[in-house]
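Peer 1: Handing you a structure now.
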2 protein chains.
Amino acid sequence: MKKHTVRKKYTFAVLAVDVVLFTVIDDTLHTLLIKMKKKPFEGSWALPGGLVKPNEAPNDAAKRILKEKAGISNVYVEQLYTFGKVNRDPFGRVVSVAYIGLVPVSSVRPKTTKEYEDIAWVPAGELRSFAYDHAEIISTAVTRLQGKLTYTNIISHLLPDTFTLGELQDVYEIILKKKLDKRNFRKKILSLHIITKTKGRTSGGAHRPAALYRFSSKKPEIVEIL
Amino acid sequence: MKKHTVRKKYTFAVLAVDVVLFTVIDDTLHTLLIKMKKKPFEGSWALPGGLVKPNEAPNDAAKRILKEKAGISNVYVEQLYTFGKVNRDPFGRVVSVAYIGLVPVSSVRPKTTKEYEDIAWVPAGELRSFAYDHAEIISTAVTRLQGKLTYTNIISHLLPDTFTLGELQDVYEIILKKKLDKRNFRKKILSLHIITKTKGRTSGGAHRPAALYRFSSKKPEIVEIL
DNA sequence: CCAAAAGTGTTCAGACTACACCCATGT
DNA sequence: ACATGGGTGTAGTCTGAACACTTTTGG
């Protein structure tokens, strides 16, 4: 049986990826969205996404699309869920493997292209007109992100290389949408040994300088955090 | 733009589903596997799986395949992960959406068909020669199942309608591969109010009869269990 | 000297762990 | 009578929650 025999005989689906890229800006969780030009979704916002190439793994497609559409590389991405309802795309049968991506705020430089009207960081949870089933994908992604914050170390990918304990706590509070006690938070985080103190300190704020920390490892790990 | 325009232009992938169907038999976690006849995997074991139809959601395809290949309906299924490495299938580019399925042991009646050499419940973790990347899919599924046991009520789908606390504890111990303290386990489970006592009792064993319980709800819920 | 974030300990309550014996039934 | 799983309570430890003041810097 030749490689393309099956391909020709059974082909039916277009496989796409969509990425929910998160970052934290101004004390708010944001996702990267694209404002569309094409009908029937002109003016609607969509996740950066695109078709998977014949010789490309979906994982690689997710990274490629972030690079192409937003000029962002070196991103942490993980698979979220595969959305395959029959009529989710008015153009035909498209099944989309959705990914979550995380970037620290500094490393971000979305670029607009002629293909789209606009590309922008939009506060997660903000009401918009979304293309396709992207509202559902985003809300699934937010829920997953909240869940994983509490039992893994993925938050590391939302922070710059070094950060203060206050900044770390802020990110938790923003995403989990609840206040945490400062002393308890510090005790807990430090007891886990997932971050280490560096020699650096902040300076420049009109307040006492803070110690800078770094994640001991950014490898995905299961750690009971909160 | 017509519906099939995109389809024709960009088609490349065959979309399949594979199901890791779990049950507990004789104090061991088992998965349903099929022994293949076709080259290059003759004699290897594979997950029940098949192609998604053009007008079928992957979810529905998973249920259909269990029905067709094993004569099993009314199964709880949930999406596991999508496996899309370029060369995972020697016949061509096939992307597989993998599902976890759970059935209580009683409701099980796999049927062999002419298409396959054999279909059987095989102890999870047993060494076999697996077709495709199915070894990887199974091990991902086992890990996920273990994780979800500890923070959801999905174990309900592995038990018959009524069951004793001893049987419930057994299933936890089998899947999590660790002993639990009987008194602590009962205290914890009962305090969660996810099961209710029925009026029934067991009979027939050479021992004291046990109270029968039932899950208050089998809807997926997040509950911190262990 | 004032504003702003950093840093630091103790007490209390609830949850989890370890642990051993009697009970009801069938053979 | 004995073998088998069912059923029950308590004490000690650990973890999580609540809570307020001093420190260091820039402006």
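Labels used: A, B, ... for chains in the order of the structure tokens, numbers from 1 for residues in each chain, and numbers from 1 for ligands as shown.
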As a list in words, could you give me every residue of chain C near chain A (at most 7 Å apart, counting only C-alpha atoms (C1' of nucleotides))?

Peer 2: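 Interface list for chain C against chain A: DA4, DA5 and DA6 of chain C.
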
Peer 1: Which polymer residues have any atom within 10 Å of an atom of range 7-18 of chain C, counting only C-alpha atoms (C1' of nucleotides), with same-chain residues fewer than 3 positions away left out, as a list of chain:residue names?

Peer 2: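 So, after excluding close chain neighbours, the residues are A:Lys182, A:Arg183, A:Arg186, A:Arg208, A:Ala210, A:Ala211, B:Asp181, B:Asn184, B:Lys188, D:DA11, D:DG12, D:DT13, D:DC14, D:DT15, D:DG16, D:DA17, D:DA18, D:DC19, D:DC21, D:DT22, D:DT23, D:DT24.
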
Peer 1: Apply DSSP to the backbone of this structure and, from range 84-174 of chain A, keep only the residues in alpha helix (DSSP H); write these as a PDB file with all heavy atoms, in the first residue's frame.

Peer 2:
```pdb
ATOM      1  N   HIS A 134     -14.507  30.471  18.548  1.00  0.00           N
ATOM      2  CA  HIS A 134     -13.340  30.903  19.301  1.00  0.00           C
ATOM      3  C   HIS A 134     -13.667  31.399  20.693  1.00  0.00           C
ATOM      4  O   HIS A 134     -12.805  31.373  21.578  1.00  0.00           O
ATOM      5  CB  HIS A 134     -12.542  31.916  18.493  1.00  0.00           C
ATOM      6  CG  HIS A 134     -11.820  31.281  17.334  1.00  0.00           C
ATOM      7  ND1 HIS A 134     -10.914  31.919  16.552  1.00  0.00           N
ATOM      8  CD2 HIS A 134     -11.887  30.007  16.847  1.00  0.00           C
ATOM      9  CE1 HIS A 134     -10.449  31.097  15.614  1.00  0.00           C
ATOM     10  NE2 HIS A 134     -11.035  29.931  15.781  1.00  0.00           N
ATOM     11  N   ALA A 135     -14.902  31.830  20.900  1.00  0.00           N
ATOM     12  CA  ALA A 135     -15.283  32.206  22.268  1.00  0.00           C
ATOM     13  C   ALA A 135     -15.199  30.986  23.176  1.00  0.00           C
ATOM     14  O   ALA A 135     -14.672  31.051  24.292  1.00  0.00           O
ATOM     15  CB  ALA A 135     -16.695  32.795  22.280  1.00  0.00           C
ATOM     16  N   GLU A 136     -15.681  29.877  22.679  1.00  0.00           N
ATOM     17  CA  GLU A 136     -15.640  28.638  23.457  1.00  0.00           C
ATOM     18  C   GLU A 136     -14.200  28.185  23.704  1.00  0.00           C
ATOM     19  O   GLU A 136     -13.848  27.751  24.806  1.00  0.00           O
ATOM     20  CB  GLU A 136     -16.407  27.537  22.699  1.00  0.00           C
ATOM     21  CG  GLU A 136     -16.465  26.217  23.442  1.00  0.00           C
ATOM     22  CD  GLU A 136     -17.071  25.082  22.587  1.00  0.00           C
ATOM     23  OE1 GLU A 136     -17.494  25.366  21.441  1.00  0.00           O
ATOM     24  OE2 GLU A 136     -17.106  23.944  23.072  1.00  0.00           O
ATOM     25  N   ILE A 137     -13.374  28.303  22.671  1.00  0.00           N
ATOM     26  CA  ILE A 137     -11.974  27.884  22.832  1.00  0.00           C
ATOM     27  C   ILE A 137     -11.290  28.736  23.888  1.00  0.00           C
ATOM     28  O   ILE A 137     -10.587  28.228  24.758  1.00  0.00           O
ATOM     29  CB  ILE A 137     -11.225  27.975  21.483  1.00  0.00           C
ATOM     30  CG1 ILE A 137     -11.845  26.994  20.470  1.00  0.00           C
ATOM     31  CG2 ILE A 137      -9.743  27.671  21.669  1.00  0.00           C
ATOM     32  CD1 ILE A 137     -11.203  27.020  19.087  1.00  0.00           C
ATOM     33  N   ILE A 138     -11.530  30.032  23.845  1.00  0.00           N
ATOM     34  CA  ILE A 138     -10.881  30.908  24.813  1.00  0.00           C
ATOM     35  C   ILE A 138     -11.342  30.580  26.229  1.00  0.00           C
ATOM     36  O   ILE A 138     -10.541  30.508  27.155  1.00  0.00           O
ATOM     37  CB  ILE A 138     -11.152  32.390  24.478  1.00  0.00           C
ATOM     38  CG1 ILE A 138     -10.453  32.755  23.174  1.00  0.00           C
ATOM     39  CG2 ILE A 138     -10.685  33.299  25.609  1.00  0.00           C
ATOM     40  CD1 ILE A 138     -10.894  34.087  22.582  1.00  0.00           C
ATOM     41  N   SER A 139     -12.628  30.337  26.387  1.00  0.00           N
ATOM     42  CA  SER A 139     -13.075  30.099  27.757  1.00  0.00           C
ATOM     43  C   SER A 139     -12.576  28.749  28.267  1.00  0.00           C
ATOM     44  O   SER A 139     -12.219  28.613  29.440  1.00  0.00           O
ATOM     45  CB  SER A 139     -14.591  30.266  27.878  1.00  0.00           C
ATOM     46  OG  SER A 139     -15.248  29.038  27.790  1.00  0.00           O
ATOM     47  N   THR A 140     -12.480  27.768  27.377  1.00  0.00           N
ATOM     48  CA  THR A 140     -11.865  26.496  27.773  1.00  0.00           C
ATOM     49  C   THR A 140     -10.410  26.718  28.185  1.00  0.00           C
ATOM     50  O   THR A 140      -9.933  26.157  29.170  1.00  0.00           O
ATOM     51  CB  THR A 140     -11.910  25.493  26.603  1.00  0.00           C
ATOM     52  OG1 THR A 140     -13.253  25.345  26.155  1.00  0.00           O
ATOM     53  CG2 THR A 140     -11.374  24.131  27.022  1.00  0.00           C
ATOM     54  N   ALA A 141      -9.732  27.567  27.446  1.00  0.00           N
ATOM     55  CA  ALA A 141      -8.310  27.810  27.726  1.00  0.00           C
ATOM     56  C   ALA A 141      -8.119  28.513  29.063  1.00  0.00           C
ATOM     57  O   ALA A 141      -7.221  28.175  29.835  1.00  0.00           O
ATOM     58  CB  ALA A 141      -7.695  28.652  26.603  1.00  0.00           C
ATOM     59  N   VAL A 142      -8.979  29.474  29.346  1.00  0.00           N
ATOM     60  CA  VAL A 142      -8.848  30.193  30.617  1.00  0.00           C
ATOM     61  C   VAL A 142      -9.068  29.240  31.782  1.00  0.00           C
ATOM     62  O   VAL A 142      -8.311  29.219  32.760  1.00  0.00           O
ATOM     63  CB  VAL A 142      -9.831  31.375  30.685  1.00  0.00           C
ATOM     64  CG1 VAL A 142      -9.851  31.987  32.078  1.00  0.00           C
ATOM     65  CG2 VAL A 142      -9.450  32.435  29.655  1.00  0.00           C
ATOM     66  N   THR A 143     -10.086  28.409  31.661  1.00  0.00           N
ATOM     67  CA  THR A 143     -10.362  27.445  32.726  1.00  0.00           C
ATOM     68  C   THR A 143      -9.181  26.494  32.918  1.00  0.00           C
ATOM     69  O   THR A 143      -8.759  26.220  34.036  1.00  0.00           O
ATOM     70  CB  THR A 143     -11.628  26.633  32.379  1.00  0.00           C
ATOM     71  OG1 THR A 143     -12.702  27.541  32.174  1.00  0.00           O
ATOM     72  CG2 THR A 143     -11.981  25.672  33.502  1.00  0.00           C
ATOM     73  N   ARG A 144      -8.639  26.015  31.817  1.00  0.00           N
ATOM     74  CA  ARG A 144      -7.509  25.106  31.917  1.00  0.00           C
ATOM     75  C   ARG A 144      -6.308  25.790  32.561  1.00  0.00           C
ATOM     76  O   ARG A 144      -5.617  25.236  33.403  1.00  0.00           O
ATOM     77  CB  ARG A 144      -7.133  24.583  30.540  1.00  0.00           C
ATOM     78  CG  ARG A 144      -5.864  23.754  30.491  1.00  0.00           C
ATOM     79  CD  ARG A 144      -6.060  22.333  30.974  1.00  0.00           C
ATOM     80  NE  ARG A 144      -6.969  21.618  30.134  1.00  0.00           N
ATOM     81  CZ  ARG A 144      -6.636  20.926  29.028  1.00  0.00           C
ATOM     82  NH1 ARG A 144      -5.389  20.826  28.682  1.00  0.00           N
ATOM     83  NH2 ARG A 144      -7.533  20.317  28.313  1.00  0.00           N
ATOM     84  N   LEU A 145      -6.068  27.022  32.130  1.00  0.00           N
ATOM     85  CA  LEU A 145      -4.928  27.756  32.685  1.00  0.00           C
ATOM     86  C   LEU A 145      -5.082  27.921  34.188  1.00  0.00           C
ATOM     87  O   LEU A 145      -4.146  27.704  34.958  1.00  0.00           O
ATOM     88  CB  LEU A 145      -4.819  29.122  32.001  1.00  0.00           C
ATOM     89  CG  LEU A 145      -3.737  30.054  32.522  1.00  0.00           C
ATOM     90  CD1 LEU A 145      -2.344  29.467  32.305  1.00  0.00           C
ATOM     91  CD2 LEU A 145      -3.830  31.433  31.862  1.00  0.00           C
ATOM     92  N   GLN A 146      -6.265  28.289  34.621  1.00  0.00           N
ATOM     93  CA  GLN A 146      -6.507  28.446  36.061  1.00  0.00           C
ATOM     94  C   GLN A 146      -6.246  27.136  36.784  1.00  0.00           C
ATOM     95  O   GLN A 146      -5.604  27.096  37.832  1.00  0.00           O
ATOM     96  CB  GLN A 146      -7.954  28.901  36.298  1.00  0.00           C
ATOM     97  CG  GLN A 146      -8.190  30.336  35.858  1.00  0.00           C
ATOM     98  CD  GLN A 146      -9.656  30.730  35.893  1.00  0.00           C
ATOM     99  OE1 GLN A 146     -10.542  29.879  35.814  1.00  0.00           O
ATOM    100  NE2 GLN A 146      -9.922  32.039  36.005  1.00  0.00           N
ATOM    101  N   GLY A 147      -6.739  26.051  36.201  1.00  0.00           N
ATOM    102  CA  GLY A 147      -6.526  24.755  36.839  1.00  0.00           C
ATOM    103  C   GLY A 147      -5.051  24.423  36.957  1.00  0.00           C
ATOM    104  O   GLY A 147      -4.570  24.061  38.022  1.00  0.00           O
ATOM    105  N   LYS A 148      -4.335  24.587  35.850  1.00  0.00           N
ATOM    106  CA  LYS A 148      -2.940  24.162  35.857  1.00  0.00           C
ATOM    107  C   LYS A 148      -2.054  25.042  36.726  1.00  0.00           C
ATOM    108  O   LYS A 148      -1.018  24.601  37.189  1.00  0.00           O
ATOM    109  CB  LYS A 148      -2.401  24.084  34.432  1.00  0.00           C
ATOM    110  CG  LYS A 148      -3.025  22.933  33.661  1.00  0.00           C
ATOM    111  CD  LYS A 148      -2.174  22.479  32.494  1.00  0.00           C
ATOM    112  CE  LYS A 148      -1.242  21.360  32.888  1.00  0.00           C
ATOM    113  NZ  LYS A 148      -0.600  20.697  31.727  1.00  0.00           N
ATOM    114  N   LEU A 149      -2.458  26.276  36.940  1.00  0.00           N
ATOM    115  CA  LEU A 149      -1.665  27.123  37.836  1.00  0.00           C
ATOM    116  C   LEU A 149      -1.559  26.525  39.221  1.00  0.00           C
ATOM    117  O   LEU A 149      -0.566  26.702  39.916  1.00  0.00           O
ATOM    118  CB  LEU A 149      -2.325  28.501  37.992  1.00  0.00           C
ATOM    119  CG  LEU A 149      -2.005  29.591  37.013  1.00  0.00           C
ATOM    120  CD1 LEU A 149      -2.251  30.940  37.656  1.00  0.00           C
ATOM    121  CD2 LEU A 149      -0.608  29.512  36.474  1.00  0.00           C
ATOM    122  N   THR A 150      -2.619  25.826  39.633  1.00  0.00           N
ATOM    123  CA  THR A 150      -2.641  25.384  41.023  1.00  0.00           C
ATOM    124  C   THR A 150      -1.906  24.070  41.249  1.00  0.00           C
ATOM    125  O   THR A 150      -1.680  23.706  42.387  1.00  0.00           O
ATOM    126  CB  THR A 150      -4.088  25.231  41.530  1.00  0.00           C
ATOM    127  OG1 THR A 150      -4.695  24.116  40.870  1.00  0.00           O
ATOM    128  CG2 THR A 150      -4.902  26.466  41.250  1.00  0.00           C
ATOM    129  N   TYR A 151      -1.584  23.349  40.202  1.00  0.00           N
ATOM    130  CA  TYR A 151      -0.883  22.097  40.465  1.00  0.00           C
ATOM    131  C   TYR A 151       0.314  21.849  39.559  1.00  0.00           C
ATOM    132  O   TYR A 151       0.820  20.740  39.474  1.00  0.00           O
ATOM    133  CB  TYR A 151      -1.853  20.905  40.412  1.00  0.00           C
ATOM    134  CG  TYR A 151      -2.426  20.591  39.049  1.00  0.00           C
ATOM    135  CD1 TYR A 151      -1.804  19.658  38.231  1.00  0.00           C
ATOM    136  CD2 TYR A 151      -3.570  21.219  38.593  1.00  0.00           C
ATOM    137  CE1 TYR A 151      -2.311  19.364  36.987  1.00  0.00           C
ATOM    138  CE2 TYR A 151      -4.082  20.940  37.350  1.00  0.00           C
ATOM    139  CZ  TYR A 151      -3.456  20.013  36.549  1.00  0.00           C
ATOM    140  OH  TYR A 151      -3.966  19.729  35.310  1.00  0.00           O
ATOM    141  N   LEU A 165       8.812  38.473  44.354  1.00  0.00           N
ATOM    142  CA  LEU A 165       7.721  37.670  44.899  1.00  0.00           C
ATOM    143  C   LEU A 165       6.385  38.396  44.746  1.00  0.00           C
ATOM    144  O   LEU A 165       5.350  37.778  44.538  1.00  0.00           O
ATOM    145  CB  LEU A 165       7.978  37.359  46.371  1.00  0.00           C
ATOM    146  CG  LEU A 165       9.115  36.369  46.631  1.00  0.00           C
ATOM    147  CD1 LEU A 165       9.336  36.184  48.123  1.00  0.00           C
ATOM    148  CD2 LEU A 165       8.808  35.029  45.982  1.00  0.00           C
ATOM    149  N   GLY A 166       6.430  39.711  44.827  1.00  0.00           N
ATOM    150  CA  GLY A 166       5.204  40.483  44.633  1.00  0.00           C
ATOM    151  C   GLY A 166       4.649  40.305  43.240  1.00  0.00           C
ATOM    152  O   GLY A 166       3.444  40.114  43.056  1.00  0.00           O
ATOM    153  N   GLU A 167       5.543  40.336  42.245  1.00  0.00           N
ATOM    154  CA  GLU A 167       5.081  40.151  40.861  1.00  0.00           C
ATOM    155  C   GLU A 167       4.503  38.757  40.666  1.00  0.00           C
ATOM    156  O   GLU A 167       3.468  38.578  40.016  1.00  0.00           O
ATOM    157  CB  GLU A 167       6.248  40.368  39.886  1.00  0.00           C
ATOM    158  CG  GLU A 167       6.661  41.831  39.760  1.00  0.00           C
ATOM    159  CD  GLU A 167       8.062  42.027  39.175  1.00  0.00           C
ATOM    160  OE1 GLU A 167       8.765  41.021  38.929  1.00  0.00           O
ATOM    161  OE2 GLU A 167       8.463  43.191  38.980  1.00  0.00           O
ATOM    162  N   LEU A 168       5.163  37.782  41.244  1.00  0.00           N
ATOM    163  CA  LEU A 168       4.679  36.408  41.119  1.00  0.00           C
ATOM    164  C   LEU A 168       3.279  36.289  41.733  1.00  0.00           C
ATOM    165  O   LEU A 168       2.360  35.727  41.135  1.00  0.00           O
ATOM    166  CB  LEU A 168       5.650  35.457  41.816  1.00  0.00           C
ATOM    167  CG  LEU A 168       5.288  33.969  41.777  1.00  0.00           C
ATOM    168  CD1 LEU A 168       5.215  33.442  40.357  1.00  0.00           C
ATOM    169  CD2 LEU A 168       6.294  33.149  42.587  1.00  0.00           C
ATOM    170  N   GLN A 169       3.142  36.843  42.920  1.00  0.00           N
ATOM    171  CA  GLN A 169       1.841  36.780  43.573  1.00  0.00           C
ATOM    172  C   GLN A 169       0.774  37.496  42.744  1.00  0.00           C
ATOM    173  O   GLN A 169      -0.348  37.012  42.607  1.00  0.00           O
ATOM    174  CB  GLN A 169       1.924  37.393  44.972  1.00  0.00           C
ATOM    175  CG  GLN A 169       0.610  37.283  45.724  1.00  0.00           C
ATOM    176  CD  GLN A 169       0.705  37.796  47.150  1.00  0.00           C
ATOM    177  OE1 GLN A 169       1.801  38.011  47.669  1.00  0.00           O
ATOM    178  NE2 GLN A 169      -0.447  38.006  47.778  1.00  0.00           N
ATOM    179  N   ASP A 170       1.143  38.622  42.170  1.00  0.00           N
ATOM    180  CA  ASP A 170       0.185  39.353  41.330  1.00  0.00           C
ATOM    181  C   ASP A 170      -0.347  38.469  40.200  1.00  0.00           C
ATOM    182  O   ASP A 170      -1.546  38.461  39.929  1.00  0.00           O
ATOM    183  CB  ASP A 170       0.843  40.595  40.718  1.00  0.00           C
ATOM    184  CG  ASP A 170       1.038  41.708  41.740  1.00  0.00           C
ATOM    185  OD1 ASP A 170       0.409  41.627  42.822  1.00  0.00           O
ATOM    186  OD2 ASP A 170       1.825  42.637  41.472  1.00  0.00           O
ATOM    187  N   VAL A 171       0.545  37.758  39.536  1.00  0.00           N
ATOM    188  CA  VAL A 171       0.113  36.930  38.410  1.00  0.00           C
ATOM    189  C   VAL A 171      -0.875  35.864  38.890  1.00  0.00           C
ATOM    190  O   VAL A 171      -1.913  35.627  38.268  1.00  0.00           O
ATOM    191  CB  VAL A 171       1.310  36.300  37.674  1.00  0.00           C
ATOM    192  CG1 VAL A 171       0.830  35.386  36.559  1.00  0.00           C
ATOM    193  CG2 VAL A 171       2.193  37.392  37.101  1.00  0.00           C
ATOM    194  N   TYR A 172      -0.567  35.244  40.004  1.00  0.00           N
ATOM    195  CA  TYR A 172      -1.524  34.279  40.548  1.00  0.00           C
ATOM    196  C   TYR A 172      -2.868  34.942  40.822  1.00  0.00           C
ATOM    197  O   TYR A 172      -3.925  34.417  40.469  1.00  0.00           O
ATOM    198  CB  TYR A 172      -0.998  33.663  41.854  1.00  0.00           C
ATOM    199  CG  TYR A 172      -0.091  32.478  41.647  1.00  0.00           C
ATOM    200  CD1 TYR A 172       1.274  32.582  41.871  1.00  0.00           C
ATOM    201  CD2 TYR A 172      -0.598  31.252  41.238  1.00  0.00           C
ATOM    202  CE1 TYR A 172       2.125  31.497  41.680  1.00  0.00           C
ATOM    203  CE2 TYR A 172       0.235  30.161  41.049  1.00  0.00           C
ATOM    204  CZ  TYR A 172       1.587  30.290  41.276  1.00  0.00           C
ATOM    205  OH  TYR A 172       2.411  29.217  41.082  1.00  0.00           O
ATOM    206  N   GLU A 173      -2.846  36.069  41.457  1.00  0.00           N
ATOM    207  CA  GLU A 173      -4.107  36.726  41.833  1.00  0.00           C
ATOM    208  C   GLU A 173      -4.915  37.132  40.613  1.00  0.00           C
ATOM    209  O   GLU A 173      -6.131  37.009  40.579  1.00  0.00           O
ATOM    210  CB  GLU A 173      -3.819  37.945  42.712  1.00  0.00           C
ATOM    211  CG  GLU A 173      -3.275  37.551  44.079  1.00  0.00           C
ATOM    212  CD  GLU A 173      -3.037  38.756  44.986  1.00  0.00           C
ATOM    213  OE1 GLU A 173      -2.985  39.897  44.468  1.00  0.00           O
ATOM    214  OE2 GLU A 173      -2.908  38.553  46.215  1.00  0.00           O
ATOM    215  N   ILE A 174      -4.205  37.592  39.585  1.00  0.00           N
ATOM    216  CA  ILE A 174      -4.896  38.036  38.368  1.00  0.00           C
ATOM    217  C   ILE A 174      -5.584  36.862  37.679  1.00  0.00           C
ATOM    218  O   ILE A 174      -6.734  36.945  37.274  1.00  0.00           O
ATOM    219  CB  ILE A 174      -3.876  38.700  37.412  1.00  0.00           C
ATOM    220  CG1 ILE A 174      -3.427  40.041  37.984  1.00  0.00           C
ATOM    221  CG2 ILE A 174      -4.458  38.856  36.017  1.00  0.00           C
ATOM    222  CD1 ILE A 174      -2.129  40.542  37.403  1.00  0.00           C
TER     223      ILE A 174
END
```

Peer 1: Mind giving me the straight-line distance from CA of Pro40 in chain A to CA of Ala13 in chain A in Å, one decimal?

Peer 2: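 Separation between CA of Pro40 in chain A and CA of Ala13 in chain A: 20.8 Å.
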